[in-house]
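This is query25.pdb (PDB, C-alpha atoms).
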```pdb
ATOM      1  CA  MET Z   1     223.635 149.607-121.547  1.00  0.00           C
ATOM      2  CA  ASP Z   2     222.396 152.332-119.211  1.00  0.00           C
ATOM      3  CA  GLU Z   3     222.786 152.193-115.440  1.00  0.00           C
ATOM      4  CA  ASP Z   4     219.182 151.137-114.781  1.00  0.00           C
ATOM      5  CA  GLU Z   5     219.466 148.226-117.200  1.00  0.00           C
ATOM      6  CA  LYS Z   6     222.713 147.117-115.558  1.00  0.00           C
ATOM      7  CA  PHE Z   7     221.053 147.405-112.140  1.00  0.00           C
ATOM      8  CA  PHE Z   8     218.109 145.243-113.187  1.00  0.00           C
ATOM      9  CA  ARG Z   9     220.138 142.654-115.104  1.00  0.00           C
ATOM     10  CA  ASN Z  10     222.221 142.171-111.951  1.00  0.00           C
ATOM     11  CA  LEU Z  11     219.031 141.991-109.871  1.00  0.00           C
ATOM     12  CA  TYR Z  12     217.608 139.180-112.027  1.00  0.00           C
ATOM     13  CA  ALA Z  13     220.925 137.312-111.999  1.00  0.00           C
ATOM     14  CA  ARG Z  14     221.020 137.500-108.187  1.00  0.00           C
ATOM     15  CA  PHE Z  15     217.360 136.366-107.979  1.00  0.00           C
ATOM     16  CA  ASN Z  16     218.020 133.386-110.247  1.00  0.00           C
ATOM     17  CA  ALA Z  17     221.064 132.497-108.117  1.00  0.00           C
ATOM     18  CA  ARG Z  18     218.808 132.687-105.018  1.00  0.00           C
ATOM     19  CA  ASP Z  19     221.056 135.364-103.519  1.00  0.00           C
ATOM     20  CA  MET Z  20     218.167 136.720-101.487  1.00  0.00           C
ATOM     21  CA  GLU Z  21     220.139 139.144 -99.332  1.00  0.00           C
ATOM     22  CA  ALA Z  22     221.759 140.832-102.345  1.00  0.00           C
ATOM     23  CA  VAL Z  23     218.343 141.368-103.944  1.00  0.00           C
ATOM     24  CA  LEU Z  24     216.773 142.564-100.691  1.00  0.00           C
ATOM     25  CA  ALA Z  25     219.586 145.104-100.296  1.00  0.00           C
ATOM     26  CA  SER Z  26     218.412 146.735-103.549  1.00  0.00           C
ATOM     27  CA  MET Z  27     214.959 147.376-102.064  1.00  0.00           C
ATOM     28  CA  HIS Z  28     213.584 150.260-100.062  1.00  0.00           C
ATOM     29  CA  GLU Z  29     212.967 149.261 -96.436  1.00  0.00           C
ATOM     30  CA  ASP Z  30     209.205 149.720 -96.992  1.00  0.00           C
ATOM     31  CA  VAL Z  31     209.048 148.126-100.451  1.00  0.00           C
ATOM     32  CA  GLU Z  32     205.691 147.028-101.880  1.00  0.00           C
ATOM     33  CA  TRP Z  33     206.292 143.747-103.743  1.00  0.00           C
ATOM     34  CA  ALA Z  34     203.754 141.926-105.915  1.00  0.00           C
ATOM     35  CA  ASN Z  35     202.788 138.506-104.582  1.00  0.00           C
ATOM     36  CA  GLY Z  36     202.647 136.450-107.767  1.00  0.00           C
ATOM     37  CA  MET Z  37     201.397 133.332-105.976  1.00  0.00           C
ATOM     38  CA  GLU Z  38     198.415 134.606-103.984  1.00  0.00           C
ATOM     39  CA  GLY Z  39     197.834 138.105-105.331  1.00  0.00           C
ATOM     40  CA  GLY Z  40     198.169 141.446-103.637  1.00  0.00           C
ATOM     41  CA  HIS Z  41     201.475 142.720-102.307  1.00  0.00           C
ATOM     42  CA  VAL Z  42     203.850 141.882 -99.502  1.00  0.00           C
ATOM     43  CA  HIS Z  43     205.350 144.795 -97.601  1.00  0.00           C
ATOM     44  CA  GLY Z  44     208.857 145.545 -96.447  1.00  0.00           C
ATOM     45  CA  ARG Z  45     212.052 143.575 -96.870  1.00  0.00           C
ATOM     46  CA  ASP Z  46     210.988 141.090 -94.198  1.00  0.00           C
ATOM     47  CA  GLY Z  47     207.719 140.497 -96.053  1.00  0.00           C
ATOM     48  CA  VAL Z  48     209.599 139.804 -99.285  1.00  0.00           C
ATOM     49  CA  ARG Z  49     212.034 137.511 -97.440  1.00  0.00           C
ATOM     50  CA  GLU Z  50     209.147 135.478 -95.987  1.00  0.00           C
ATOM     51  CA  TYR Z  51     207.352 135.371 -99.349  1.00  0.00           C
ATOM     52  CA  TRP Z  52     210.440 134.153-101.261  1.00  0.00           C
ATOM     53  CA  THR Z  53     211.300 131.608 -98.571  1.00  0.00           C
ATOM     54  CA  ARG Z  54     207.806 130.159 -98.911  1.00  0.00           C
ATOM     55  CA  GLN Z  55     207.810 130.419-102.724  1.00  0.00           C
ATOM     56  CA  TRP Z  56     211.228 128.836-103.201  1.00  0.00           C
ATOM     57  CA  SER Z  57     210.300 125.932-100.910  1.00  0.00           C
ATOM     58  CA  ILE Z  58     207.660 124.798-103.439  1.00  0.00           C
ATOM     59  CA  LEU Z  59     208.641 126.413-106.759  1.00  0.00           C
ATOM     60  CA  ASP Z  60     211.737 127.000-108.857  1.00  0.00           C
ATOM     61  CA  PRO Z  61     211.095 130.226-110.790  1.00  0.00           C
ATOM     62  CA  ARG Z  62     213.604 131.636-113.293  1.00  0.00           C
ATOM     63  CA  VAL Z  63     213.206 135.009-114.955  1.00  0.00           C
ATOM     64  CA  GLU Z  64     215.319 136.458-117.740  1.00  0.00           C
ATOM     65  CA  PRO Z  65     214.889 140.075-118.852  1.00  0.00           C
ATOM     66  CA  VAL Z  66     214.074 140.364-122.546  1.00  0.00           C
ATOM     67  CA  GLU Z  67     213.098 143.986-123.156  1.00  0.00           C
ATOM     68  CA  PHE Z  68     213.427 147.240-121.202  1.00  0.00           C
ATOM     69  CA  SER Z  69     211.285 150.358-121.541  1.00  0.00           C
ATOM     70  CA  ARG Z  70     210.291 153.415-119.540  1.00  0.00           C
ATOM     71  CA  GLY Z  71     206.686 154.100-118.501  1.00  0.00           C
ATOM     72  CA  PRO Z  72     204.948 157.486-118.596  1.00  0.00           C
ATOM     73  CA  ASP Z  73     205.677 158.164-114.910  1.00  0.00           C
ATOM     74  CA  GLY Z  74     209.338 157.108-115.095  1.00  0.00           C
ATOM     75  CA  GLU Z  75     208.761 153.519-114.002  1.00  0.00           C
ATOM     76  CA  THR Z  76     210.951 150.810-115.511  1.00  0.00           C
ATOM     77  CA  ILE Z  77     209.014 148.189-117.453  1.00  0.00           C
ATOM     78  CA  ILE Z  78     210.785 144.913-118.126  1.00  0.00           C
ATOM     79  CA  GLU Z  79     209.384 142.140-120.263  1.00  0.00           C
ATOM     80  CA  VAL Z  80     210.755 138.886-118.871  1.00  0.00           C
ATOM     81  CA  HIS Z  81     210.748 135.277-119.958  1.00  0.00           C
ATOM     82  CA  GLN Z  82     209.487 133.402-116.913  1.00  0.00           C
ATOM     83  CA  VAL Z  83     209.912 129.651-116.498  1.00  0.00           C
ATOM     84  CA  VAL Z  84     208.516 128.015-113.364  1.00  0.00           C
ATOM     85  CA  HIS Z  85     208.956 124.398-112.295  1.00  0.00           C
ATOM     86  CA  ASP Z  86     207.736 122.684-109.175  1.00  0.00           C
ATOM     87  CA  LYS Z  87     210.307 121.024-106.915  1.00  0.00           C
ATOM     88  CA  ALA Z  88     209.810 117.705-108.750  1.00  0.00           C
ATOM     89  CA  GLY Z  89     210.856 119.372-112.017  1.00  0.00           C
ATOM     90  CA  GLN Z  90     207.358 119.565-113.535  1.00  0.00           C
ATOM     91  CA  LEU Z  91     206.965 122.606-115.827  1.00  0.00           C
ATOM     92  CA  LEU Z  92     204.211 124.878-114.491  1.00  0.00           C
ATOM     93  CA  ALA Z  93     204.693 128.024-116.608  1.00  0.00           C
ATOM     94  CA  ASP Z  94     206.744 129.170-119.590  1.00  0.00           C
ATOM     95  CA  ARG Z  95     205.668 132.633-120.681  1.00  0.00           C
ATOM     96  CA  ARG Z  96     206.491 136.291-121.031  1.00  0.00           C
ATOM     97  CA  VAL Z  97     205.221 138.685-118.397  1.00  0.00           C
ATOM     98  CA  GLY Z  98     205.727 142.345-117.611  1.00  0.00           C
ATOM     99  CA  HIS Z  99     207.506 143.501-114.495  1.00  0.00           C
ATOM    100  CA  ILE Z 100     207.058 147.116-113.448  1.00  0.00           C
ATOM    101  CA  PHE Z 101     209.509 148.736-111.041  1.00  0.00           C
ATOM    102  CA  ARG Z 102     209.396 152.107-109.348  1.00  0.00           C
ATOM    103  CA  LEU Z 103     212.637 153.313-107.828  1.00  0.00           C
ATOM    104  CA  GLU Z 104     213.141 155.819-105.031  1.00  0.00           C
ATOM    105  CA  GLU Z 105     216.639 157.088-104.276  1.00  0.00           C
ATOM    106  CA  GLY Z 106     218.165 154.196-106.202  1.00  0.00           C
ATOM    107  CA  LEU Z 107     216.151 151.507-104.375  1.00  0.00           C
ATOM    108  CA  ILE Z 108     213.111 149.514-105.486  1.00  0.00           C
ATOM    109  CA  ARG Z 109     210.056 151.130-103.901  1.00  0.00           C
ATOM    110  CA  ARG Z 110     207.331 149.141-105.678  1.00  0.00           C
ATOM    111  CA  PHE Z 111     207.153 146.076-107.922  1.00  0.00           C
ATOM    112  CA  ASP Z 112     204.088 145.027-109.928  1.00  0.00           C
ATOM    113  CA  ILE Z 113     203.376 142.212-112.387  1.00  0.00           C
ATOM    114  CA  ARG Z 114     201.278 142.508-115.507  1.00  0.00           C
ATOM    115  CA  ASP Z 115     200.304 139.572-117.705  1.00  0.00           C
TER     116      ASP Z 115
END
```
Rewrite the structure of this file - the entire thing - as structure tokens.
Amino acid sequence: MDEDEKFFRNLYARFNARDMEAVLASMHEDVEWANGMEGGHVHGRDGVREYWTRQWSILDPRVEPVEFSRGPDGETIIEVHQVVHDKAGQLLADRRVGHIFRLEEGLIRRFDIRD
């Protein structure tokens, strides 16, 4: 397993454990993060913190990396299995989606979602 794959597997494990501060520490201060609930992007670590706090108050998302590849501009593309329940346990989504990460100096600079 290469270093990037180890980095991202740890990132997903920390996200699924709701270890927000550990995940935020892996982001650039001015990160651009896809807002999967409302569209667009949130900006900066504080924006991601607010977004996840709001998201996790109503949803229970779990993501497991399935496949790793490299894009033409060096971005890391990760196919994930995403399972989302509401807080009552009702299944809302069970699907594979693509996550696209761009790193800068070892930190996540931008995150996008593709269906």
> When distances are computed from only C-alpha atoms, which of Z:Glu79, Z:Asp115, Z:Glu38, Z:Asp94 shows the smallest separation from Gln55 in chain Z?
Replying inline: Z:Glu38
Could you put an axis-aligned box around every listed atom of range 60-67 of chain Z, padded by 8 Å on each side, and send me its centre and edge lengths in Å to one decimal, as JSON?
```
{"center_x": 213.2, "center_y": 135.5, "center_z": -116.0, "size_x": 20.2, "size_y": 33.0, "size_z": 30.3}
```
> Using only C-alpha atoms, which of the listed residues (Z:Ile77, Z:Glu50, Z:Leu11, Z:Val66) sits closest to Ser26 in chain Z?
Replying inline: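 Closest to Ser26 in chain Z, using only C-alpha atoms: Z:Leu11.
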> Counting all atoms listed in the file, which of Z:Gln90, Z:Asp46, Z:Gly71, Z:Glu32 gets nearest to Ile58 in chain Z?
Replying inline: Z:Gln90
> Residues picked by the PyMOL selection byres ((chain Z and resi 34) around 9) here, as number ranges by chain?
Replying inline: Z: 32-33, 35-37, 39-43, 110-113
